[in-house]
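For reference, the structure discussed in these notes is given below.
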Amino acid sequence: MILTKRFFPYFATLCLGALNDNFYKNVLLLLVTYSQLNALPIDVNLFVNLAAGVFILPFFLFSAHAGIVADNMNKATLIKRLKLLELIIMSTAAVAIISQSYMVMLVLLFLTGSQSAYFGPVKYSLLPQALSEAELVKGNALVEMGTFLSILIGTLSAGLVVANENGLTWAAIIVCVLAVAGYLSSRAIPSLPAQGELNPNKFSLFSGTWRCISKARETTSIWMAILAISWFWFVGATYLTQFPNFAKLHLHADATVVSLLLALFSVGIAVGSFVCERFSFGHVELGLLPFGVLGLSVFSFDMIGAIPLQVVEPGFVYSFESFISNAQHYRVMIDLFLVGLSGGLFIVPLYAFIQTRAEKQECAQAIAANNIINALFMVGSAVLSIVLLGVFSWSIPELFMLIGVLNLVVLIYVYSQVPEFTQRFISYLLSHVMYRVNVQGRQHIPAQGAGIIVSNHVSYVDALIIMGASTRPIRFVMDKSISEIPLLKYVFRHAGVIPICSPKKCEATYLNAFEQIHNALANGELVCIFPEGRLTSDGDIGEFRPGIEMILQRDPVPVIPLALNGLWGSYFSHKGGHALTTKPTRFWSRVKVNIAPVVAGDTTNRMALQQQVTQQFEQ
């Protein structure tokens, strides 16, 4: 995929842009910090903080408009225009670098941030249009890997270039070369027209921003994903900002070790993105999120405990070589790498989730809302650090400890607000820890619109297995006695399970179930039913009951036949006794989920559907 024309030019453009932005920003900061301080009209510390604010301010001001623009024009054309703008900005920046016009460079940094603010929404909203759903997680993983490695290379190379005797000249040449290369690569991006009905709005500074955020908040799951991503940037900004003082005060190390810490953190994120892609098995996998969140806390706590307690002589400072040659520093380095890895594992599925759940014609605006909240959280990170470290005299390890604790609070909050995240996690554990689930025909599940999945019923965890096979949320119609099983009942309740029972036992529940099914289908949701009406007692598929035909008579929506194979004999099935009463004897069993092509709801019946499920079962 990476070398295909539909992805590689975009990927190269993205990486070159991130590299150039961070190279230029850090060149400016280093020049201001170490060169010609008398030429500055303001205090150097004020200039450095002003530079950080100037770069992030455009994300507040322009992200909402950037999302609207990206949703209402050809994305390839927009990227070409933005890269041409970058070329103009960096050509001017080259002159400013050589002439050491710091205030001009600061203005150009604002323009660079503005260009990045407009590139942000199109950067992520392009992926679901250019890639198939099966490639989406891999595409996001590559984007995160490329972005963070580019940031790392840009940051480190800026220091090397400025330290060179002819650093100003080389810096000017590099920003121009990277801008030219980025523009040329953007011209190879294939056309990506706007999707859906065009709806351009006039630019509005504050109301546009609030309207963009309000739109994202309409969908709870997307809003929680945005908050979770923003929390990652809060954590990341805290670490990146505190690395210099952390290395100096607690590791007794010089600036080369700061670069090492930055490299470990950034490479960890890149590796975590790759690991996420490998363990997502070709689809958006929210089940990985808890591993990432828990890793951020666990390895943060361990890193604090791993800080060496040795007493060093006054004035002694570890260099890069002496730091890595001292075995007592290995644990700190490994923990920091794993914090970054956990971050990569955490952030990739969330971006893919937003891309798949947002309306196609509004995807860029959802990403824009994400960028705005990201920027707010990063500012919040700076404010919290200033207050705790400056006003209350906390130590940096204490700040890291607080971040680890808050991380767990965020985990609990997000998962309490979006039950689907919890369900996906449990489903992932079942599918990849207790069982080895192989899904065939996932592409047959409609990406949107109402539909009914019909499946054979083998065990108490059928719903959780099917849930993991679908990238869409599913409303399950389930026997009331199963939906009230201890522990599982909380998961099923959050999943919006529709309980049903025999009309002879509870007519009200029976009739209410059909009404809920109708409402769900009318709302464009995906519903799953088990037409046998009970768990199999012998492993074979029983006769389908008339309920499915009653549903289709009222709502003739598309039907997706699905068969579960391999769960018979598990702890959750009735083989050898009632489910959940025998000793578990099978782990890592192979389970198949075979999904057949969609069947028109107005041309089928229960017998035909039973035959199709049986055919899938026997494959």
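Chains: A, B, ... in order of the structure tokens. Residues: from 1 per chain. Ligands: from 1, in order shown.
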**Request:** For Tyr183 (chain A), work out the shell of residues within 7 Å, counting only C-alpha atoms and skipping chain neighbours fewer than 5 positions away, then give it as a PyMOL selection string.
**Result:** chain A and resi 80+83-84
Would you save the residues from that selection as a PDB file, in the first residue's frame, using all heavy atoms?
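And here's part-v8.pdb as it stands now:
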ATOM      1  N   LYS A  80      -2.085  20.930  -2.932  1.00  0.00           N
ATOM      2  CA  LYS A  80      -1.134  21.584  -3.848  1.00  0.00           C
ATOM      3  C   LYS A  80      -1.045  23.078  -3.558  1.00  0.00           C
ATOM      4  O   LYS A  80       0.048  23.660  -3.538  1.00  0.00           O
ATOM      5  CB  LYS A  80      -1.568  21.356  -5.297  1.00  0.00           C
ATOM      6  CG  LYS A  80      -1.443  19.909  -5.760  1.00  0.00           C
ATOM      7  CD  LYS A  80      -2.088  19.720  -7.125  1.00  0.00           C
ATOM      8  CE  LYS A  80      -2.180  18.242  -7.482  1.00  0.00           C
ATOM      9  NZ  LYS A  80      -2.919  18.001  -8.737  1.00  0.00           N
ATOM     10  N   LYS A  83       0.849  23.621  -0.299  1.00  0.00           N
ATOM     11  CA  LYS A  83       2.295  23.395  -0.445  1.00  0.00           C
ATOM     12  C   LYS A  83       2.949  24.527  -1.248  1.00  0.00           C
ATOM     13  O   LYS A  83       4.115  24.865  -1.014  1.00  0.00           O
ATOM     14  CB  LYS A  83       2.562  22.048  -1.114  1.00  0.00           C
ATOM     15  CG  LYS A  83       2.039  20.843  -0.344  1.00  0.00           C
ATOM     16  CD  LYS A  83       2.425  20.866   1.125  1.00  0.00           C
ATOM     17  CE  LYS A  83       3.896  20.555   1.342  1.00  0.00           C
ATOM     18  NZ  LYS A  83       4.205  20.444   2.787  1.00  0.00           N
ATOM     19  N   LEU A  84       2.211  25.105  -2.172  1.00  0.00           N
ATOM     20  CA  LEU A  84       2.733  26.275  -2.889  1.00  0.00           C
ATOM     21  C   LEU A  84       2.877  27.452  -1.927  1.00  0.00           C
ATOM     22  O   LEU A  84       3.863  28.201  -1.978  1.00  0.00           O
ATOM     23  CB  LEU A  84       1.792  26.638  -4.042  1.00  0.00           C
ATOM     24  CG  LEU A  84       2.207  27.841  -4.905  1.00  0.00           C
ATOM     25  CD1 LEU A  84       3.572  27.588  -5.549  1.00  0.00           C
ATOM     26  CD2 LEU A  84       1.154  28.133  -5.971  1.00  0.00           C
TER      27      LEU A  84
END
**Request:** List every residue of region 411-560 of chain A that DSSP, applied to the backbone of this structure, places in strand (DSSP E or B), and write the result as a ChimeraX atom specification.
**Result:** /A:435-440,451-455,459,474-479,498-500,526-529,559-560
Let's have the selection written as a CSV table (one decimal), in the first residue's frame, with N, CA, C and O atoms.
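And here's out15.csv as it stands now:
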chain,number,residue,atom,x,y,z
A,435,TYR,N,-9.9,-17.0,22.3
A,435,TYR,CA,-10.1,-17.7,21.0
A,435,TYR,C,-9.2,-17.1,20.0
A,435,TYR,O,-8.6,-16.0,20.2
A,436,ARG,N,-9.1,-17.7,18.9
A,436,ARG,CA,-8.4,-17.2,17.7
A,436,ARG,C,-9.5,-17.1,16.6
A,436,ARG,O,-9.8,-18.1,16.0
A,437,VAL,N,-10.0,-15.9,16.4
A,437,VAL,CA,-11.2,-15.7,15.5
A,437,VAL,C,-10.7,-15.3,14.2
A,437,VAL,O,-9.9,-14.4,14.0
A,438,ASN,N,-11.2,-16.0,13.2
A,438,ASN,CA,-10.9,-15.7,11.8
A,438,ASN,C,-12.3,-15.2,11.1
A,438,ASN,O,-13.2,-16.0,11.1
A,439,VAL,N,-12.3,-14.0,10.6
A,439,VAL,CA,-13.5,-13.4,10.0
A,439,VAL,C,-13.3,-13.4,8.5
A,439,VAL,O,-12.4,-12.9,7.9
A,440,GLN,N,-14.3,-14.0,7.8
A,440,GLN,CA,-14.4,-14.0,6.4
A,440,GLN,C,-15.6,-13.3,5.9
A,440,GLN,O,-16.7,-13.6,6.4
A,451,GLY,N,-29.8,-2.6,8.5
A,451,GLY,CA,-29.6,-4.0,8.1
A,451,GLY,C,-29.8,-4.9,9.2
A,451,GLY,O,-29.8,-4.5,10.4
A,452,ILE,N,-30.1,-6.2,8.9
A,452,ILE,CA,-30.3,-7.2,9.9
A,452,ILE,C,-29.3,-8.3,9.7
A,452,ILE,O,-29.1,-8.9,8.6
A,453,ILE,N,-28.5,-8.7,10.7
A,453,ILE,CA,-27.6,-9.8,10.7
A,453,ILE,C,-28.4,-11.0,11.3
A,453,ILE,O,-28.9,-10.9,12.4
A,454,VAL,N,-28.4,-12.1,10.6
A,454,VAL,CA,-29.0,-13.3,11.2
A,454,VAL,C,-27.9,-14.4,11.3
A,454,VAL,O,-27.1,-14.6,10.5
A,455,SER,N,-27.9,-15.0,12.5
A,455,SER,CA,-26.8,-15.9,12.9
A,455,SER,C,-27.3,-17.1,13.6
A,455,SER,O,-28.3,-17.0,14.3
A,459,SER,N,-23.4,-20.0,21.7
A,459,SER,CA,-22.9,-19.8,23.1
A,459,SER,C,-23.4,-18.4,23.6
A,459,SER,O,-24.0,-17.6,22.9
A,474,ILE,N,-23.7,-2.7,16.8
A,474,ILE,CA,-24.8,-3.6,16.5
A,474,ILE,C,-25.7,-3.6,17.7
A,474,ILE,O,-25.3,-3.7,18.8
A,475,ARG,N,-27.0,-3.6,17.4
A,475,ARG,CA,-28.0,-3.8,18.4
A,475,ARG,C,-28.4,-5.3,18.4
A,475,ARG,O,-28.9,-5.8,17.3
A,476,PHE,N,-28.2,-6.0,19.4
A,476,PHE,CA,-28.5,-7.4,19.5
A,476,PHE,C,-29.9,-7.7,20.1
A,476,PHE,O,-30.3,-7.1,21.1
A,477,VAL,N,-30.7,-8.6,19.4
A,477,VAL,CA,-31.9,-9.1,20.0
A,477,VAL,C,-31.6,-10.4,20.7
A,477,VAL,O,-31.1,-11.3,20.1
A,478,MET,N,-31.8,-10.4,22.0
A,478,MET,CA,-31.3,-11.5,22.8
A,478,MET,C,-32.3,-12.0,23.8
A,478,MET,O,-33.1,-11.2,24.3
A,479,ASP,N,-32.3,-13.3,24.0
A,479,ASP,CA,-33.2,-13.9,25.0
A,479,ASP,C,-33.0,-13.2,26.3
A,479,ASP,O,-31.9,-13.0,26.8
A,498,ILE,N,-31.6,-5.7,22.9
A,498,ILE,CA,-33.1,-5.7,22.9
A,498,ILE,C,-33.5,-7.0,23.5
A,498,ILE,O,-33.4,-8.1,22.8
A,499,PRO,N,-34.0,-7.1,24.7
A,499,PRO,CA,-34.4,-8.4,25.3
A,499,PRO,C,-35.7,-8.9,24.7
A,499,PRO,O,-36.6,-8.1,24.4
A,500,ILE,N,-35.8,-10.2,24.6
A,500,ILE,CA,-37.0,-10.8,24.0
A,500,ILE,C,-37.2,-12.1,24.7
A,500,ILE,O,-36.3,-12.7,25.3
A,526,LEU,N,-27.8,-1.1,12.7
A,526,LEU,CA,-27.6,-2.6,12.4
A,526,LEU,C,-28.1,-3.4,13.5
A,526,LEU,O,-27.7,-3.2,14.7
A,527,VAL,N,-29.0,-4.4,13.2
A,527,VAL,CA,-29.6,-5.2,14.3
A,527,VAL,C,-29.2,-6.7,14.0
A,527,VAL,O,-29.1,-7.1,12.8
A,528,CYS,N,-28.9,-7.4,15.0
A,528,CYS,CA,-28.5,-8.8,14.9
A,528,CYS,C,-29.5,-9.7,15.7
A,528,CYS,O,-29.8,-9.4,16.8
A,529,ILE,N,-30.1,-10.7,15.0
A,529,ILE,CA,-31.0,-11.6,15.7
A,529,ILE,C,-30.5,-13.0,15.5
A,529,ILE,O,-29.8,-13.3,14.6
A,559,VAL,N,-30.5,-8.1,4.5
A,559,VAL,CA,-30.2,-9.1,5.5
A,559,VAL,C,-28.8,-9.6,5.2
A,559,VAL,O,-28.4,-9.9,4.1
A,560,ILE,N,-28.0,-9.8,6.3
A,560,ILE,CA,-26.6,-10.4,6.2
A,560,ILE,C,-26.6,-11.7,6.9
A,560,ILE,O,-26.5,-11.8,8.1
**Message:** Under the rule that only C-alpha atoms are counted, which of A:Leu109, A:Leu411, A:Ile354, A:Leu16 is the nearest residue to Leu136 (chain A)?
**Reply:**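 Closest residue, counting only C-alpha atoms: A:Ile354.
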**Message:** When you look at Gln365 (chain A) with a cut-off of 12 Å (counting only C-alpha atoms), what residues show up, excluding the ones that are within fewer than 6 positions of it in the same chain? I need them as JSON, numbers by chain.
**Reply:** {"A": [62, 63, 64, 65, 66, 67, 68, 69, 70, 71, 72, 118, 120, 121, 122, 123, 124, 125, 126, 199, 200, 201, 208, 209, 210, 211, 212, 213, 214, 215, 216, 217, 222, 354, 355, 358, 359, 371, 372]}
**Request:** Can you list, as a PyMOL selection string, all residues belonging to region 153-337 of chain A that DSSP tags as alpha helix (DSSP H)?
**Result:** chain A and resi 153-163+167-186+205-217+220-249+255-280+289-305+320-324+330-337
**Request:** Tell me which protein, DNA and RNA residues are within 12 Å of Glu144 (chain A), counting only C-alpha atoms, leaving out same-chain ones fewer than 6 positions away, and put them as a ChimeraX atom specification.
**Result:** /A:11,14-15,18,123-124,137-138,150-151,266-277,340-341,343-352
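Here CA of Ile551 (chain A) and CA of Ile517 (chain A) stand 7.8 Å from one another.
Between Ser537 (chain A) and the residues A:Gly113, A:Gly576, A:Cys501, A:Met550, the shortest atom-to-atom distance, using only C-alpha atoms, involves A:Gly576.
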**Message:** What's the separation between CA of Gln129 (chain A) and CA of Arg187 (chain A), in Å to one decimal place?
**Reply:**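 Rounded to one decimal, the two atoms are 17.6 Å apart.
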**Item:** Test item: residues at most 12 Å from Tyr415 (chain A), only C-alpha atoms, excluding those fewer than 4 positions along its chain, as a list of chain:residue names
**Value:** A:Thr220, A:Ser221, A:Met224, A:Ala225, A:Leu227, A:Ala228, A:Leu286, A:Gly287, A:Leu289, A:Pro290, A:Val293, A:Leu408, A:Val409, A:Val410, A:Leu411, A:Pro419, A:Glu420, A:Phe421, A:Thr422, A:Gln423, A:Arg424, A:Phe425, A:Val491, A:His494
**Distance query Met378 (chain A) at most 10 Å, only C-alpha atoms, self and fewer than 2 positions along chain excluded, as number ranges by chain** = A: 56, 230-238, 373-376, 380-384
Residue selection dump (all heavy atoms) as a compact mmCIF listing (two decimals), in the first residue's frame:
# COMPACT_ATOMS: atom_id res chain seq x y z
N ILE A 56 0.87 27.91 17.60
CA ILE A 56 -0.35 27.16 17.91
C ILE A 56 -1.61 28.00 17.75
O ILE A 56 -2.71 27.47 17.54
CB ILE A 56 -0.27 26.59 19.35
CG1 ILE A 56 -1.22 25.40 19.48
CG2 ILE A 56 -0.58 27.64 20.38
CD1 ILE A 56 -1.05 24.65 20.79
N SER A 230 -7.09 14.32 22.33
CA SER A 230 -6.59 15.57 22.91
C SER A 230 -5.86 15.29 24.23
O SER A 230 -4.86 15.96 24.54
CB SER A 230 -7.75 16.54 23.14
OG SER A 230 -8.39 16.85 21.92
N TRP A 231 -6.37 14.32 24.98
CA TRP A 231 -5.67 13.95 26.20
C TRP A 231 -4.28 13.40 25.88
O TRP A 231 -3.31 13.69 26.59
CB TRP A 231 -6.47 12.94 27.00
CG TRP A 231 -5.69 12.40 28.17
CD1 TRP A 231 -5.16 11.16 28.32
CD2 TRP A 231 -5.32 13.13 29.34
NE1 TRP A 231 -4.48 11.06 29.49
CE2 TRP A 231 -4.56 12.25 30.15
CE3 TRP A 231 -5.55 14.42 29.78
CZ2 TRP A 231 -4.05 12.65 31.38
CZ3 TRP A 231 -5.03 14.82 31.01
CH2 TRP A 231 -4.29 13.93 31.79
N PHE A 232 -4.17 12.62 24.81
CA PHE A 232 -2.85 12.14 24.40
C PHE A 232 -1.90 13.31 24.14
O PHE A 232 -0.73 13.29 24.55
CB PHE A 232 -2.96 11.27 23.15
CG PHE A 232 -1.64 11.03 22.47
CD1 PHE A 232 -0.77 10.07 22.94
CD2 PHE A 232 -1.26 11.79 21.36
CE1 PHE A 232 0.46 9.86 22.33
CE2 PHE A 232 -0.04 11.58 20.75
CZ PHE A 232 0.81 10.62 21.23
N TRP A 233 -2.39 14.34 23.45
CA TRP A 233 -1.54 15.49 23.16
C TRP A 233 -1.22 16.26 24.44
O TRP A 233 -0.15 16.87 24.56
CB TRP A 233 -2.21 16.40 22.14
CG TRP A 233 -2.15 15.82 20.75
CD1 TRP A 233 -3.16 15.27 20.03
CD2 TRP A 233 -0.98 15.72 19.94
NE1 TRP A 233 -2.70 14.82 18.82
CE2 TRP A 233 -1.36 15.08 18.72
CE3 TRP A 233 0.35 16.09 20.11
CZ2 TRP A 233 -0.45 14.83 17.70
CZ3 TRP A 233 1.25 15.84 19.08
CH2 TRP A 233 0.85 15.22 17.90
N PHE A 234 -2.13 16.24 25.40
CA PHE A 234 -1.86 16.85 26.71
C PHE A 234 -0.68 16.13 27.37
O PHE A 234 0.27 16.76 27.85
CB PHE A 234 -3.11 16.74 27.57
CG PHE A 234 -3.00 17.37 28.93
CD1 PHE A 234 -3.55 18.62 29.17
CD2 PHE A 234 -2.36 16.74 29.99
CE1 PHE A 234 -3.48 19.22 30.43
CE2 PHE A 234 -2.26 17.31 31.23
CZ PHE A 234 -2.82 18.57 31.46
N VAL A 235 -0.75 14.80 27.39
CA VAL A 235 0.32 14.01 27.98
C VAL A 235 1.63 14.21 27.21
O VAL A 235 2.69 14.44 27.80
CB VAL A 235 -0.06 12.51 28.00
CG1 VAL A 235 1.11 11.66 28.50
CG2 VAL A 235 -1.28 12.28 28.87
N GLY A 236 1.54 14.12 25.87
CA GLY A 236 2.74 14.26 25.05
C GLY A 236 3.39 15.62 25.22
O GLY A 236 4.62 15.73 25.33
N ALA A 237 2.57 16.69 25.24
CA ALA A 237 3.12 18.04 25.40
C ALA A 237 3.80 18.20 26.75
O ALA A 237 4.84 18.87 26.87
CB ALA A 237 2.00 19.07 25.24
N THR A 238 3.22 17.59 27.78
CA THR A 238 3.82 17.66 29.12
C THR A 238 5.19 17.01 29.13
O THR A 238 6.17 17.59 29.63
CB THR A 238 2.91 16.98 30.16
OG1 THR A 238 1.62 17.59 30.15
CG2 THR A 238 3.51 17.09 31.55
N ILE A 373 -9.56 21.23 19.75
CA ILE A 373 -9.51 20.71 21.13
C ILE A 373 -8.10 20.26 21.48
O ILE A 373 -7.65 20.42 22.63
CB ILE A 373 -10.53 19.57 21.31
CG1 ILE A 373 -11.94 20.04 20.93
CG2 ILE A 373 -10.52 19.06 22.74
CD1 ILE A 373 -12.43 21.23 21.73
N ASN A 374 -7.38 19.66 20.51
CA ASN A 374 -5.97 19.31 20.74
C ASN A 374 -5.18 20.52 21.20
O ASN A 374 -4.40 20.46 22.17
CB ASN A 374 -5.33 18.77 19.46
CG ASN A 374 -5.81 17.39 19.06
OD1 ASN A 374 -5.44 16.88 18.02
ND2 ASN A 374 -6.66 16.78 19.87
N ALA A 375 -5.35 21.63 20.48
CA ALA A 375 -4.60 22.85 20.81
C ALA A 375 -4.98 23.35 22.21
O ALA A 375 -4.11 23.78 22.99
CB ALA A 375 -4.89 23.93 19.77
N LEU A 376 -6.27 23.30 22.54
CA LEU A 376 -6.71 23.72 23.88
C LEU A 376 -6.06 22.87 24.97
O LEU A 376 -5.61 23.39 25.99
CB LEU A 376 -8.24 23.62 23.98
CG LEU A 376 -9.05 24.73 23.32
CD1 LEU A 376 -10.54 24.37 23.33
CD2 LEU A 376 -8.84 26.06 24.03
N GLY A 380 -3.56 23.87 27.92
CA GLY A 380 -3.86 23.46 29.29
C GLY A 380 -2.70 22.74 29.94
O GLY A 380 -2.44 22.91 31.14
N SER A 381 -1.97 21.95 29.15
CA SER A 381 -0.79 21.26 29.66
C SER A 381 0.26 22.26 30.14
O SER A 381 0.85 22.10 31.22
CB SER A 381 -0.21 20.36 28.57
OG SER A 381 1.10 19.93 28.89
N ALA A 382 0.48 23.30 29.33
CA ALA A 382 1.47 24.32 29.70
C ALA A 382 1.04 25.06 30.96
O ALA A 382 1.86 25.30 31.87
CB ALA A 382 1.66 25.29 28.54
N VAL A 383 -0.25 25.39 31.04
CA VAL A 383 -0.76 26.12 32.22
C VAL A 383 -0.62 25.27 33.48
O VAL A 383 -0.16 25.75 34.53
CB VAL A 383 -2.23 26.53 32.00
CG1 VAL A 383 -2.82 27.09 33.30
CG2 VAL A 383 -2.35 27.54 30.87
N LEU A 384 -1.00 23.99 33.40
CA LEU A 384 -0.90 23.10 34.56
C LEU A 384 0.55 22.97 35.01
O LEU A 384 0.84 23.02 36.22
CB LEU A 384 -1.47 21.72 34.22
CG LEU A 384 -1.42 20.69 35.35
CD1 LEU A 384 -2.35 21.10 36.49
CD2 LEU A 384 -1.79 19.30 34.84
**Request:** Record the distance separating CA of Leu31 (chain A) and CA of Gly390 (chain A), expressed in Å with one decimal.
**Result:** 26.4 Å
**Test item: residues at most 9 Å from Val593 (chain A), only C-alpha atoms, excluding those fewer than 5 positions along its chain, as a list in words** =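 Neighbouring residues, sequence-local ones excluded: Val437, Asn438, Val439, Gln440, Gly441, Arg442, Ile465, Ile466, Ala469, Leu562, Ala563, Leu564, Asn565, Gly566, Gln616 and Phe617 of chain A.
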Let me see the file: selected residues, N, CA, C and O atoms, as a PDB file, in the first residue's frame.
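Full text of out_1.pdb as output:
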ATOM      1  N   VAL A 437     -10.006 -15.894  16.423  1.00  0.00           N
ATOM      2  CA  VAL A 437     -11.155 -15.695  15.544  1.00  0.00           C
ATOM      3  C   VAL A 437     -10.689 -15.293  14.151  1.00  0.00           C
ATOM      4  O   VAL A 437      -9.893 -14.367  13.983  1.00  0.00           O
ATOM      5  N   ASN A 438     -11.218 -15.987  13.169  1.00  0.00           N
ATOM      6  CA  ASN A 438     -10.948 -15.683  11.766  1.00  0.00           C
ATOM      7  C   ASN A 438     -12.250 -15.223  11.119  1.00  0.00           C
ATOM      8  O   ASN A 438     -13.238 -15.958  11.113  1.00  0.00           O
ATOM      9  N   VAL A 439     -12.259 -14.001  10.588  1.00  0.00           N
ATOM     10  CA  VAL A 439     -13.459 -13.427   9.985  1.00  0.00           C
ATOM     11  C   VAL A 439     -13.326 -13.436   8.472  1.00  0.00           C
ATOM     12  O   VAL A 439     -12.353 -12.914   7.918  1.00  0.00           O
ATOM     13  N   GLN A 440     -14.301 -14.027   7.808  1.00  0.00           N
ATOM     14  CA  GLN A 440     -14.355 -14.038   6.351  1.00  0.00           C
ATOM     15  C   GLN A 440     -15.611 -13.301   5.880  1.00  0.00           C
ATOM     16  O   GLN A 440     -16.700 -13.560   6.377  1.00  0.00           O
ATOM     17  N   GLY A 441     -15.434 -12.373   4.951  1.00  0.00           N
ATOM     18  CA  GLY A 441     -16.580 -11.667   4.388  1.00  0.00           C
ATOM     19  C   GLY A 441     -16.978 -10.421   5.141  1.00  0.00           C
ATOM     20  O   GLY A 441     -18.120  -9.972   5.022  1.00  0.00           O
ATOM     21  N   ARG A 442     -16.057  -9.840   5.918  1.00  0.00           N
ATOM     22  CA  ARG A 442     -16.392  -8.628   6.673  1.00  0.00           C
ATOM     23  C   ARG A 442     -16.898  -7.515   5.748  1.00  0.00           C
ATOM     24  O   ARG A 442     -17.704  -6.675   6.138  1.00  0.00           O
ATOM     25  N   ILE A 465     -18.534 -11.957  20.045  1.00  0.00           N
ATOM     26  CA  ILE A 465     -17.711 -12.368  18.914  1.00  0.00           C
ATOM     27  C   ILE A 465     -18.153 -11.637  17.643  1.00  0.00           C
ATOM     28  O   ILE A 465     -17.328 -11.119  16.879  1.00  0.00           O
ATOM     29  N   ILE A 466     -19.470 -11.579  17.427  1.00  0.00           N
ATOM     30  CA  ILE A 466     -19.995 -10.891  16.243  1.00  0.00           C
ATOM     31  C   ILE A 466     -19.696  -9.400  16.323  1.00  0.00           C
ATOM     32  O   ILE A 466     -19.375  -8.750  15.317  1.00  0.00           O
ATOM     33  N   ALA A 469     -16.451  -8.669  14.972  1.00  0.00           N
ATOM     34  CA  ALA A 469     -16.327  -8.884  13.529  1.00  0.00           C
ATOM     35  C   ALA A 469     -16.837  -7.706  12.724  1.00  0.00           C
ATOM     36  O   ALA A 469     -16.569  -7.607  11.525  1.00  0.00           O
ATOM     37  N   LEU A 562     -24.947 -14.851   8.597  1.00  0.00           N
ATOM     38  CA  LEU A 562     -23.648 -15.024   9.263  1.00  0.00           C
ATOM     39  C   LEU A 562     -23.649 -16.343  10.021  1.00  0.00           C
ATOM     40  O   LEU A 562     -24.656 -16.708  10.639  1.00  0.00           O
ATOM     41  N   ALA A 563     -22.527 -17.038   9.979  1.00  0.00           N
ATOM     42  CA  ALA A 563     -22.421 -18.320  10.683  1.00  0.00           C
ATOM     43  C   ALA A 563     -21.216 -18.322  11.617  1.00  0.00           C
ATOM     44  O   ALA A 563     -20.127 -17.881  11.252  1.00  0.00           O
ATOM     45  N   LEU A 564     -21.445 -18.818  12.838  1.00  0.00           N
ATOM     46  CA  LEU A 564     -20.383 -19.003  13.827  1.00  0.00           C
ATOM     47  C   LEU A 564     -19.997 -20.470  13.875  1.00  0.00           C
ATOM     48  O   LEU A 564     -20.858 -21.340  14.003  1.00  0.00           O
ATOM     49  N   ASN A 565     -18.714 -20.737  13.784  1.00  0.00           N
ATOM     50  CA  ASN A 565     -18.242 -22.122  13.791  1.00  0.00           C
ATOM     51  C   ASN A 565     -17.026 -22.228  14.698  1.00  0.00           C
ATOM     52  O   ASN A 565     -16.074 -21.472  14.553  1.00  0.00           O
ATOM     53  N   GLY A 566     -17.069 -23.147  15.651  1.00  0.00           N
ATOM     54  CA  GLY A 566     -15.929 -23.362  16.535  1.00  0.00           C
ATOM     55  C   GLY A 566     -16.212 -23.068  17.993  1.00  0.00           C
ATOM     56  O   GLY A 566     -15.386 -23.352  18.864  1.00  0.00           O
ATOM     57  N   GLN A 616     -22.873 -21.337   5.118  1.00  0.00           N
ATOM     58  CA  GLN A 616     -21.705 -20.661   5.689  1.00  0.00           C
ATOM     59  C   GLN A 616     -21.130 -21.455   6.857  1.00  0.00           C
ATOM     60  O   GLN A 616     -19.911 -21.518   7.053  1.00  0.00           O
ATOM     61  N   PHE A 617     -22.007 -22.100   7.619  1.00  0.00           N
ATOM     62  CA  PHE A 617     -21.581 -22.900   8.776  1.00  0.00           C
ATOM     63  C   PHE A 617     -20.753 -24.103   8.334  1.00  0.00           C
ATOM     64  O   PHE A 617     -19.818 -24.521   9.028  1.00  0.00           O
TER      65      PHE A 617
END
